[in-house]
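target_8.cif follows; it contains mmCIF, C-alpha atoms and all ligand atoms.
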```
data_structure
loop_
_atom_site.label_atom_id
_atom_site.label_comp_id
_atom_site.auth_asym_id
_atom_site.auth_seq_id
_atom_site.Cartn_x
_atom_site.Cartn_y
_atom_site.Cartn_z
CA MET Q 1 -27.08 13.08 31.38
CA THR Q 2 -24.92 12.83 28.27
CA ALA Q 3 -26.28 13.59 24.82
CA ARG Q 4 -25.80 9.95 24.05
CA SER Q 5 -27.97 8.62 26.85
CA VAL Q 6 -30.66 11.18 26.02
CA ALA Q 7 -30.70 9.82 22.48
CA ALA Q 8 -30.80 6.25 23.77
CA ARG Q 9 -33.74 7.06 25.97
CA ARG Q 10 -35.56 8.64 23.08
CA GLU Q 11 -34.93 5.51 21.05
CA ALA Q 12 -36.35 3.29 23.77
CA ALA Q 13 -40.02 2.42 23.86
CA SER Q 14 -42.10 4.28 26.42
CA ALA Q 15 -43.57 2.22 29.26
CA LEU Q 16 -46.35 -0.10 28.21
CA PRO Q 17 -49.86 1.23 28.93
CA ALA Q 18 -52.85 -0.14 30.82
CA GLY Q 19 -50.89 -2.97 32.42
CA LEU Q 20 -50.79 -4.73 29.05
CA ARG Q 21 -47.92 -6.81 27.74
CA ARG Q 22 -46.46 -6.22 24.29
CA GLU Q 23 -48.20 -9.31 22.83
CA GLN Q 24 -51.51 -8.06 24.17
CA LEU Q 25 -51.05 -4.64 22.57
CA LEU Q 26 -50.45 -6.44 19.30
CA GLU Q 27 -53.41 -8.73 19.87
CA LEU Q 28 -55.71 -5.71 20.25
CA TYR Q 29 -54.44 -4.50 16.89
CA TYR Q 30 -54.96 -7.95 15.33
CA TYR Q 31 -58.59 -8.13 16.49
CA MET Q 32 -59.39 -4.62 15.27
CA ARG Q 33 -57.82 -5.31 11.89
CA LEU Q 34 -59.57 -8.69 11.67
CA THR Q 35 -62.93 -7.06 12.41
CA ARG Q 36 -62.48 -4.40 9.76
CA SER Q 37 -61.12 -6.75 7.11
CA LEU Q 38 -63.77 -9.40 7.73
CA GLU Q 39 -66.48 -6.78 7.29
CA GLU Q 40 -64.80 -5.57 4.09
CA ARG Q 41 -64.86 -9.13 2.74
CA LEU Q 42 -68.55 -9.34 3.67
CA VAL Q 43 -69.24 -6.13 1.73
CA GLY Q 44 -67.63 -7.71 -1.35
CA LEU Q 45 -69.78 -10.81 -0.95
CA TYR Q 46 -72.87 -8.66 -0.35
CA ARG Q 47 -72.31 -6.80 -3.61
CA GLN Q 48 -72.00 -10.12 -5.42
CA GLY Q 49 -75.40 -11.13 -4.01
CA LYS Q 50 -73.86 -13.85 -1.87
CA VAL Q 51 -74.91 -12.33 1.45
CA LEU Q 52 -78.58 -13.17 1.64
CA GLY Q 53 -79.81 -10.72 4.28
CA GLY Q 54 -78.75 -7.25 5.42
CA LEU Q 55 -75.22 -6.34 6.33
CA PHE Q 56 -74.64 -4.19 9.41
CA ARG Q 57 -71.21 -2.58 9.58
CA SER Q 58 -69.24 -1.47 12.60
CA LEU Q 59 -66.83 0.70 10.61
CA GLY Q 60 -65.36 3.20 13.08
CA GLN Q 61 -66.55 1.25 16.14
CA GLU Q 62 -63.87 -1.46 16.20
CA ALA Q 63 -62.09 -0.01 19.26
CA ASP Q 64 -65.37 0.00 21.16
CA SER Q 65 -66.12 -3.70 20.53
CA VAL Q 66 -62.58 -5.06 20.79
CA GLY Q 67 -61.37 -2.91 23.72
CA SER Q 68 -64.41 -3.67 25.88
CA ALA Q 69 -64.59 -7.44 25.29
CA TYR Q 70 -60.82 -7.71 25.79
CA ALA Q 71 -61.33 -6.67 29.41
CA LEU Q 72 -63.30 -9.83 30.17
CA ASP Q 73 -61.59 -12.92 31.51
CA ARG Q 74 -62.57 -15.78 29.25
CA ALA Q 75 -60.77 -18.34 31.40
CA ALA Q 76 -62.91 -17.24 34.38
CA GLY Q 77 -66.09 -17.91 32.39
CA ASP Q 78 -67.05 -14.27 31.80
CA PHE Q 79 -70.01 -13.83 29.53
CA LEU Q 80 -71.03 -11.38 26.81
CA ALA Q 81 -74.22 -10.39 24.98
CA PRO Q 82 -73.39 -8.58 21.73
CA LEU Q 83 -75.40 -6.40 19.38
CA THR Q 84 -75.39 -6.63 15.60
CA ARG Q 85 -72.34 -4.37 15.34
CA ASN Q 86 -70.23 -6.25 17.90
CA LEU Q 87 -68.51 -8.60 15.49
CA GLY Q 88 -65.20 -7.54 17.06
CA SER Q 89 -66.37 -8.49 20.56
CA LEU Q 90 -67.33 -11.96 19.38
CA LEU Q 91 -63.98 -12.46 17.65
CA VAL Q 92 -62.31 -11.61 20.97
CA MET Q 93 -64.55 -14.19 22.68
CA GLY Q 94 -63.32 -16.84 20.27
CA ALA Q 95 -65.87 -16.78 17.45
CA ARG Q 96 -64.19 -17.63 14.16
CA PRO Q 97 -64.42 -15.55 10.95
CA ILE Q 98 -65.81 -18.53 9.03
CA GLU Q 99 -68.79 -18.67 11.38
CA PHE Q 100 -69.83 -15.13 10.39
CA LEU Q 101 -69.24 -15.82 6.70
CA ARG Q 102 -71.47 -18.89 6.94
CA GLN Q 103 -74.15 -16.99 8.85
CA TYR Q 104 -74.28 -14.08 6.40
CA MET Q 105 -74.32 -16.43 3.40
CA ALA Q 106 -77.03 -18.60 5.08
CA LYS Q 107 -74.98 -21.76 4.67
CA GLY Q 108 -76.26 -25.07 6.02
CA THR Q 109 -72.97 -25.31 7.93
CA SER Q 110 -73.57 -22.01 9.78
CA PRO Q 111 -74.11 -22.00 13.56
CA THR Q 112 -77.85 -21.43 13.00
CA ARG Q 113 -77.89 -23.76 9.96
CA GLY Q 114 -79.03 -21.02 7.62
CA ARG Q 115 -81.94 -19.90 9.76
CA GLU Q 116 -80.55 -16.53 10.67
CA LEU Q 117 -78.35 -14.34 8.53
CA ASN Q 118 -76.43 -12.18 10.89
CA LEU Q 119 -74.75 -12.73 14.25
CA HIS Q 120 -77.64 -13.96 16.36
CA PHE Q 121 -75.86 -17.10 17.43
CA GLY Q 122 -74.42 -18.13 20.72
CA ASP Q 123 -72.10 -20.59 22.36
CA LEU Q 124 -72.35 -21.06 26.10
CA ASP Q 125 -68.90 -22.70 26.23
CA ARG Q 126 -67.22 -19.72 24.63
CA GLY Q 127 -69.24 -17.32 26.78
CA PHE Q 128 -71.63 -15.51 24.46
CA ILE Q 129 -75.28 -15.62 23.52
CA GLY Q 130 -77.03 -14.37 20.42
CA GLN Q 131 -79.08 -11.24 20.67
CA ILE Q 132 -82.86 -11.34 20.77
CA SER Q 133 -83.10 -7.76 19.59
CA HIS Q 134 -80.88 -4.74 19.12
CA LEU Q 135 -83.32 -2.63 21.13
CA GLY Q 136 -82.26 -3.07 24.77
CA ASP Q 137 -83.69 -6.53 25.37
CA MET Q 138 -80.34 -8.05 26.22
CA VAL Q 139 -80.00 -5.89 29.35
CA PRO Q 140 -82.72 -7.74 31.33
CA VAL Q 141 -81.48 -11.06 29.89
CA MET Q 142 -77.96 -10.35 31.12
CA ALA Q 143 -79.35 -9.18 34.48
CA GLY Q 144 -80.85 -12.67 34.75
CA ILE Q 145 -77.67 -14.42 33.64
CA THR Q 146 -75.47 -12.48 36.04
CA MET Q 147 -78.00 -13.16 38.82
CA THR Q 148 -77.35 -16.88 38.30
CA PHE Q 149 -73.61 -16.20 38.72
CA ARG Q 150 -74.39 -14.54 42.03
CA MET Q 151 -76.76 -17.29 43.20
CA ARG Q 152 -74.23 -20.00 42.44
CA GLY Q 153 -71.40 -18.07 44.03
CA GLU Q 154 -69.44 -18.04 40.75
CA PRO Q 155 -66.96 -15.16 40.38
CA ARG Q 156 -68.06 -14.50 36.79
CA VAL Q 157 -68.84 -11.17 35.14
CA GLY Q 158 -71.25 -10.30 32.33
CA MET Q 159 -71.00 -7.57 29.71
CA VAL Q 160 -73.92 -6.28 27.68
CA TYR Q 161 -74.08 -3.67 24.92
CA VAL Q 162 -76.80 -1.17 24.26
CA GLY Q 163 -77.05 1.52 21.57
CA ASP Q 164 -77.84 5.20 22.16
CA GLY Q 165 -81.29 4.60 20.66
CA ALA Q 166 -81.94 1.45 22.66
CA MET Q 167 -81.23 3.35 25.89
CA SER Q 168 -84.64 4.98 25.45
CA THR Q 169 -86.53 1.68 25.62
CA ALA Q 170 -88.43 0.18 28.56
CA ALA Q 171 -86.36 -3.01 28.36
CA PHE Q 172 -83.15 -1.06 29.01
CA HIS Q 173 -84.68 0.74 31.98
CA GLU Q 174 -86.09 -2.38 33.63
CA GLY Q 175 -82.93 -4.42 33.10
CA MET Q 176 -80.69 -1.63 34.34
CA ASN Q 177 -82.82 -1.03 37.41
CA LEU Q 178 -82.89 -4.71 38.36
CA ALA Q 179 -79.15 -5.15 37.81
CA ALA Q 180 -78.42 -2.01 39.82
CA VAL Q 181 -80.61 -2.75 42.82
CA ARG Q 182 -79.33 -6.33 43.06
CA ARG Q 183 -75.70 -5.15 42.56
CA LEU Q 184 -75.24 -7.76 39.86
CA PRO Q 185 -71.80 -8.40 38.33
CA LEU Q 186 -72.63 -6.66 35.05
CA VAL Q 187 -70.92 -4.10 32.84
CA VAL Q 188 -73.32 -2.16 30.61
CA VAL Q 189 -71.57 -0.73 27.57
CA ALA Q 190 -73.55 2.09 25.97
CA GLU Q 191 -72.38 2.64 22.40
CA ASN Q 192 -73.10 6.25 21.60
CA ASN Q 193 -72.54 6.23 17.84
CA GLY Q 194 -74.67 9.31 17.17
CA TYR Q 195 -77.56 7.61 15.40
CA ALA Q 196 -80.41 5.17 15.86
CA TYR Q 197 -81.15 4.35 12.26
CA SER Q 198 -81.62 7.89 10.86
CA THR Q 199 -82.55 9.48 14.21
CA THR Q 200 -79.80 11.62 15.73
CA LEU Q 201 -79.09 11.48 19.44
CA GLU Q 202 -80.53 14.98 19.99
CA ARG Q 203 -83.84 13.91 18.48
CA GLN Q 204 -84.37 10.87 20.69
CA THR Q 205 -83.18 11.91 24.16
CA ALA Q 206 -82.96 15.22 26.03
CA VAL Q 207 -79.89 13.95 27.90
CA LYS Q 208 -76.58 15.22 26.48
CA ASP Q 209 -74.24 12.85 28.22
CA LEU Q 210 -75.54 9.27 28.30
CA ALA Q 211 -73.29 8.29 31.21
CA GLU Q 212 -75.43 10.66 33.32
CA LYS Q 213 -78.28 8.19 33.06
CA ALA Q 214 -76.31 6.02 35.52
CA LYS Q 215 -77.34 8.41 38.32
CA ALA Q 216 -80.98 7.48 37.84
CA TYR Q 217 -80.08 3.89 38.75
CA GLY Q 218 -77.64 4.69 41.56
CA VAL Q 219 -74.63 3.20 39.76
CA PRO Q 220 -71.36 4.75 38.56
CA GLY Q 221 -71.26 5.99 34.98
CA GLU Q 222 -68.22 6.94 32.93
CA ARG Q 223 -67.91 8.64 29.54
CA ILE Q 224 -65.02 7.43 27.42
CA ASP Q 225 -63.51 8.17 24.04
CA GLY Q 226 -64.79 5.06 22.28
CA ASN Q 227 -62.30 5.41 19.42
CA ASP Q 228 -59.32 5.02 21.75
CA VAL Q 229 -58.95 1.28 22.21
CA LEU Q 230 -56.68 1.60 25.25
CA ALA Q 231 -59.01 4.04 27.02
CA VAL Q 232 -61.92 1.69 26.33
CA TYR Q 233 -59.96 -1.30 27.60
CA GLU Q 234 -58.86 0.48 30.78
CA ALA Q 235 -62.35 1.69 31.67
CA ALA Q 236 -63.88 -1.71 30.89
CA ARG Q 237 -61.21 -3.42 32.96
CA ARG Q 238 -62.01 -1.24 35.97
CA ALA Q 239 -65.72 -1.95 35.56
CA VAL Q 240 -65.10 -5.70 35.26
CA GLU Q 241 -62.98 -5.64 38.42
CA ARG Q 242 -65.68 -3.72 40.31
CA ALA Q 243 -68.27 -6.25 39.19
CA ARG Q 244 -66.10 -9.20 40.20
CA ALA Q 245 -65.43 -7.64 43.60
CA GLY Q 246 -69.18 -7.58 44.29
CA GLU Q 247 -69.55 -3.82 43.81
CA GLY Q 248 -72.19 -4.12 41.11
CA VAL Q 249 -73.02 -2.52 37.80
CA THR Q 250 -71.10 0.17 35.91
CA LEU Q 251 -72.49 2.06 32.94
CA LEU Q 252 -69.80 2.95 30.39
CA GLU Q 253 -70.68 5.38 27.64
CA LEU Q 254 -68.36 4.92 24.66
CA VAL Q 255 -68.45 7.96 22.43
CA THR Q 256 -67.95 6.76 18.88
CA TYR Q 257 -69.55 7.09 15.47
CA ARG Q 258 -71.35 4.86 12.99
CA ARG Q 259 -69.48 5.66 9.76
CA LYS Q 260 -71.80 3.61 7.56
CA GLY Q 261 -75.57 3.66 7.29
CA HIS Q 262 -77.68 1.54 9.63
CA ALA Q 263 -76.97 -1.28 7.17
CA GLU Q 264 -75.48 -1.54 3.68
CA HIS Q 265 -78.88 -0.82 2.10
CA ASP Q 266 -79.02 2.58 3.84
CA ASN Q 267 -77.29 5.30 1.80
CA GLN Q 268 -76.90 7.71 4.76
CA SER Q 269 -78.55 10.55 2.84
CA TYR Q 270 -79.41 12.12 6.22
CA VAL Q 271 -75.76 12.40 7.32
CA PRO Q 272 -73.84 15.67 6.77
CA LYS Q 273 -70.70 15.04 4.67
CA GLU Q 274 -68.43 17.13 6.91
CA GLU Q 275 -69.51 15.08 9.93
CA LEU Q 276 -68.40 11.88 8.19
CA ALA Q 277 -65.10 13.46 7.17
CA ARG Q 278 -64.46 14.59 10.75
CA TRP Q 279 -64.97 11.07 12.11
CA GLU Q 280 -62.87 9.55 9.35
CA ARG Q 281 -59.98 11.60 10.71
CA ASN Q 282 -60.72 10.03 14.12
CA ASP Q 283 -60.49 6.46 12.84
CA PRO Q 284 -59.80 4.05 15.74
CA LEU Q 285 -57.43 1.81 13.78
CA ASP Q 286 -55.39 4.70 12.36
CA ARG Q 287 -55.16 6.22 15.81
CA TYR Q 288 -53.99 3.00 17.40
CA VAL Q 289 -51.40 2.32 14.69
CA ALA Q 290 -50.01 5.84 15.12
CA ARG Q 291 -49.79 5.33 18.87
CA LEU Q 292 -48.08 1.93 18.61
CA ARG Q 293 -45.58 3.47 16.22
CA ASP Q 294 -44.97 6.77 18.03
CA GLN Q 295 -44.57 5.13 21.43
CA ARG Q 296 -42.44 2.35 19.90
CA TRP Q 297 -44.65 -0.30 21.43
CA ALA Q 298 -44.69 -2.39 18.24
CA PRO Q 299 -42.23 -2.44 15.34
CA ALA Q 300 -43.70 -1.98 11.86
CA ALA Q 301 -42.71 -5.57 11.02
CA ASP Q 302 -45.02 -6.91 13.76
CA LEU Q 303 -47.96 -4.90 12.44
CA GLU Q 304 -47.27 -6.14 8.91
CA ALA Q 305 -47.11 -9.73 10.18
CA ALA Q 306 -50.51 -9.24 11.87
CA ASP Q 307 -51.94 -7.85 8.60
CA GLN Q 308 -50.58 -10.87 6.71
CA ARG Q 309 -52.07 -13.24 9.26
CA VAL Q 310 -55.48 -11.57 8.92
CA LYS Q 311 -55.30 -11.75 5.13
CA ALA Q 312 -54.29 -15.42 5.08
CA GLU Q 313 -56.99 -16.38 7.60
CA LEU Q 314 -59.69 -14.54 5.68
CA ASP Q 315 -58.58 -15.87 2.28
CA ALA Q 316 -58.89 -19.41 3.63
CA ALA Q 317 -62.21 -18.78 5.43
CA VAL Q 318 -63.86 -17.10 2.42
CA SER Q 319 -62.85 -19.83 -0.04
CA GLU Q 320 -64.03 -22.51 2.36
CA ALA Q 321 -67.38 -20.88 3.21
CA GLU Q 322 -68.23 -19.89 -0.36
CA VAL Q 323 -68.36 -23.45 -1.66
CA GLU Q 324 -70.36 -24.83 1.24
CA PRO Q 325 -73.99 -25.79 0.59
CA LEU Q 326 -77.17 -24.03 1.63
CA PRO Q 327 -79.31 -26.03 4.09
CA GLU Q 328 -81.26 -29.01 2.74
CA PRO Q 329 -84.90 -27.93 2.24
CA GLU Q 330 -86.07 -31.02 4.17
CA THR Q 331 -84.42 -29.63 7.32
CA ALA Q 332 -86.41 -26.37 7.25
CA LEU Q 333 -88.65 -27.42 10.14
CA ASP Q 334 -85.85 -28.92 12.28
CA GLY Q 335 -85.71 -27.16 15.61
CA VAL Q 336 -89.06 -25.42 15.09
CA TYR Q 337 -91.19 -26.28 18.08
CA ALA Q 338 -94.30 -24.11 17.59
CA GLN Q 339 -97.40 -25.80 16.25
CA PRO Q 340 -98.64 -24.21 13.05
CA GLY Q 341 -101.79 -22.19 13.83
CA THR Q 342 -105.09 -23.65 12.74
CA GLN Q 343 -106.69 -20.21 12.26
CA PRO Q 344 -105.03 -17.46 10.24
CA PRO Q 345 -103.79 -14.76 12.64
CA ALA Q 346 -106.16 -11.81 13.06
CA TRP Q 347 -103.88 -9.31 11.35
CA TYR Q 348 -103.95 -11.45 8.26
CA LYS Q 349 -107.72 -11.19 7.81
CA GLU Q 350 -108.93 -8.75 5.26
CA ALA Q 351 -110.82 -5.79 6.64
CA PRO Q 352 -114.50 -5.87 5.71
CA ARG Q 353 -115.04 -3.88 2.54
CA ALA Q 354 -117.48 -1.04 2.59
C1 LIG J 401 -88.88 -2.97 18.79
C2 LIG J 401 -88.05 -2.62 17.60
N1 LIG J 401 -88.20 -1.42 16.99
C3 LIG J 401 -87.43 -1.10 15.92
C4 LIG J 401 -86.50 -1.97 15.44
C5 LIG J 401 -85.65 -1.60 14.25
N2 LIG J 401 -84.32 -1.17 14.69
C6 LIG J 401 -83.32 -2.06 14.79
S1 LIG J 401 -81.89 -1.35 15.29
C7 LIG J 401 -82.62 0.18 15.38
C8 LIG J 401 -81.83 1.38 15.81
C9 LIG J 401 -80.96 1.12 16.98
O1 LIG J 401 -80.18 2.23 17.27
P1 LIG J 401 -79.11 2.18 18.41
O2 LIG J 401 -79.69 1.60 19.63
O3 LIG J 401 -78.52 3.53 18.53
O4 LIG J 401 -78.03 1.12 17.85
P2 LIG J 401 -77.07 1.25 16.55
O5 LIG J 401 -77.86 0.76 15.38
O6 LIG J 401 -76.66 2.66 16.43
O7 LIG J 401 -75.92 0.31 16.83
C10 LIG J 401 -83.96 0.11 15.02
C11 LIG J 401 -84.88 1.26 14.99
C12 LIG J 401 -86.35 -3.21 16.09
N3 LIG J 401 -85.45 -4.11 15.72
N4 LIG J 401 -87.14 -3.51 17.16
MG MG J 402 -76.77 4.23 17.76
#
```

For the structure just supplied, provide its representation as structure tokens.
Amino acid sequence: MTARSVAARREAASALPAGLRREQLLELYYYMRLTRSLEERLVGLYRQGKVLGGLFRSLGQEADSVGSAYALDRAAGDFLAPLTRNLGSLLVMGARPIEFLRQYMAKGTSPTRGRELNLHFGDLDRGFIGQISHLGDMVPVMAGITMTFRMRGEPRVGMVYVGDGAMSTAAFHEGMNLAAVRRLPLVVVAENNGYAYSTTLERQTAVKDLAEKAKAYGVPGERIDGNDVLAVYEAARRAVERARAGEGVTLLELVTYRRKGHAEHDNQSYVPKEELARWERNDPLDRYVARLRDQRWAPAADLEAADQRVKAELDAAVSEAEVEPLPEPETALDGVYAQPGTQPPAWYKEAPRA
């Protein structure tokens, strides 16, 4: 081989990974950047008092959300149940930034018409439901949903997320067991981000490697670097294919890190500074950009164009959402079906005084 052809080869891009096309590699970058930037805009609005509830960041977990949801086939009707930190997964499923801005600012135009201030909203057509709770409850719900896919003979797959903390709940266990024994077409994504509120992993489970819990249910488990978007995508893709082929549930443990407190109001006083610094050096976006550049999979101009697109979309969405009205007070009881109680609930009664 001549020196010239060696140089030419070095110039050339290395083969594309994970069976993805160039546009898809760029799309993964776009969704991760959109997730991070949208959350940054929300932090700005939160500090101005315009976000009316709590704000739950996924800083450092963007590869986990985006890479896993990207493995689903939306055209095939695949279905996803997110947690509070899976903003990126919902963007991949077709949720629009303005919907989150409206939710967090409790606008009357929001998907829940100002009744919920986070991402507990769903859209059956786009293939996602809102979470009931962050604490494992979506696993049995998704076992039920994927059971309907099976009963109707539909080749659809479900994906459900669960946190390291939520894996210690009864709901997780029951849902996992049912999905496993019925070989339901479900992918269970365990986000091991090191903390459940201020409780470290070591303090809430004696298991070191969460993927090992799969053995207790008789299903395959895999532990993946959750900050490597391509590794996440590849593992999720395999699990989705298994599910679609009728081979049942896979448990994927994504090892990642929650770089912010449980929510913006949590100052993370319980987190060692060097731990944060270590995970900052393992940032999923920085790592992906470096890989796209080093492997010559995407020219710098394409990444800049994606950044510009994100900025323009968010500028427009923020200005639109900010001026929208809060819900009309008269609509407060719309969609509320429970009858008001005639007796005050027991817990409300004052204890007899001595
Ligand atoms: C039954 C119940 N207990 C407690 C809470 C409060 N809570 C919400 S999220 C959370 C921690 C969840 O940790 P993990 O499952 O690791 O998810 P992460 O926040 O790390 O994404 C707690 C204690 C709750 N919502 N419901
Ligand atoms: Mg956690």

For this session: Using all atoms listed in the file, determine which residues fall within 9 Å of ligand MG 402 (chain J), then list them as a ChimeraX atom specification.
Result: /Q:162-166,191-197,199-201,257-258,262

Return as AutoDock Vina command-line options the box centre and box size in Å, one decimal, for an axis-aligned box around all listed atoms of range 305-312 of chain Q padded by 4 Å per side.
```
--center_x -51.3 --center_y -11.6 --center_z 8.5 --size_x 16.4 --size_y 15.6 --size_z 14.8
```

Exercise. Neighbours of Tyr29 in chain Q within 12 Å (all atoms listed in the file; same-chain residues fewer than 3 positions away dropped), as number ranges by chain?
Worked result: Q: 22-26, 32-36, 62-63, 66-67, 70, 88, 92, 228-230, 284-293, 297-298, 302-307, 309-310

Seminar exercise, completed: From the list Q:Asn267, Q:Ser133, Q:Gln339, Q:Gln204, the nearest residue to ligand LIG 401 (chain J) using all atoms listed in the file is Q:Ser133

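Picture a line from CA of Glu264 in chain Q to CA of Met93 in chain Q; it runs 25.3 Å.
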
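Minimum atom-to-atom distances from Q:Asn118, Q:Ser58, Q:Ser269, Q:Gln48 to ligand LIG 401 (chain J) were compared using only C-alpha atoms and all ligand atoms, and the lowest value belongs to Q:Ser58.
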
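Closest to ligand LIG 401 (chain J) among Q:Leu80, Q:Leu87, Q:Leu135, Q:Val43 is Q:Leu135, based on only C-alpha atoms and all ligand atoms.
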
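Using all atoms listed in the file, the shortest contact distance between His265 in chain Q and any of Q:Lys107, Q:Arg115, Q:Arg281, Q:Arg47 is found at Q:Arg47.
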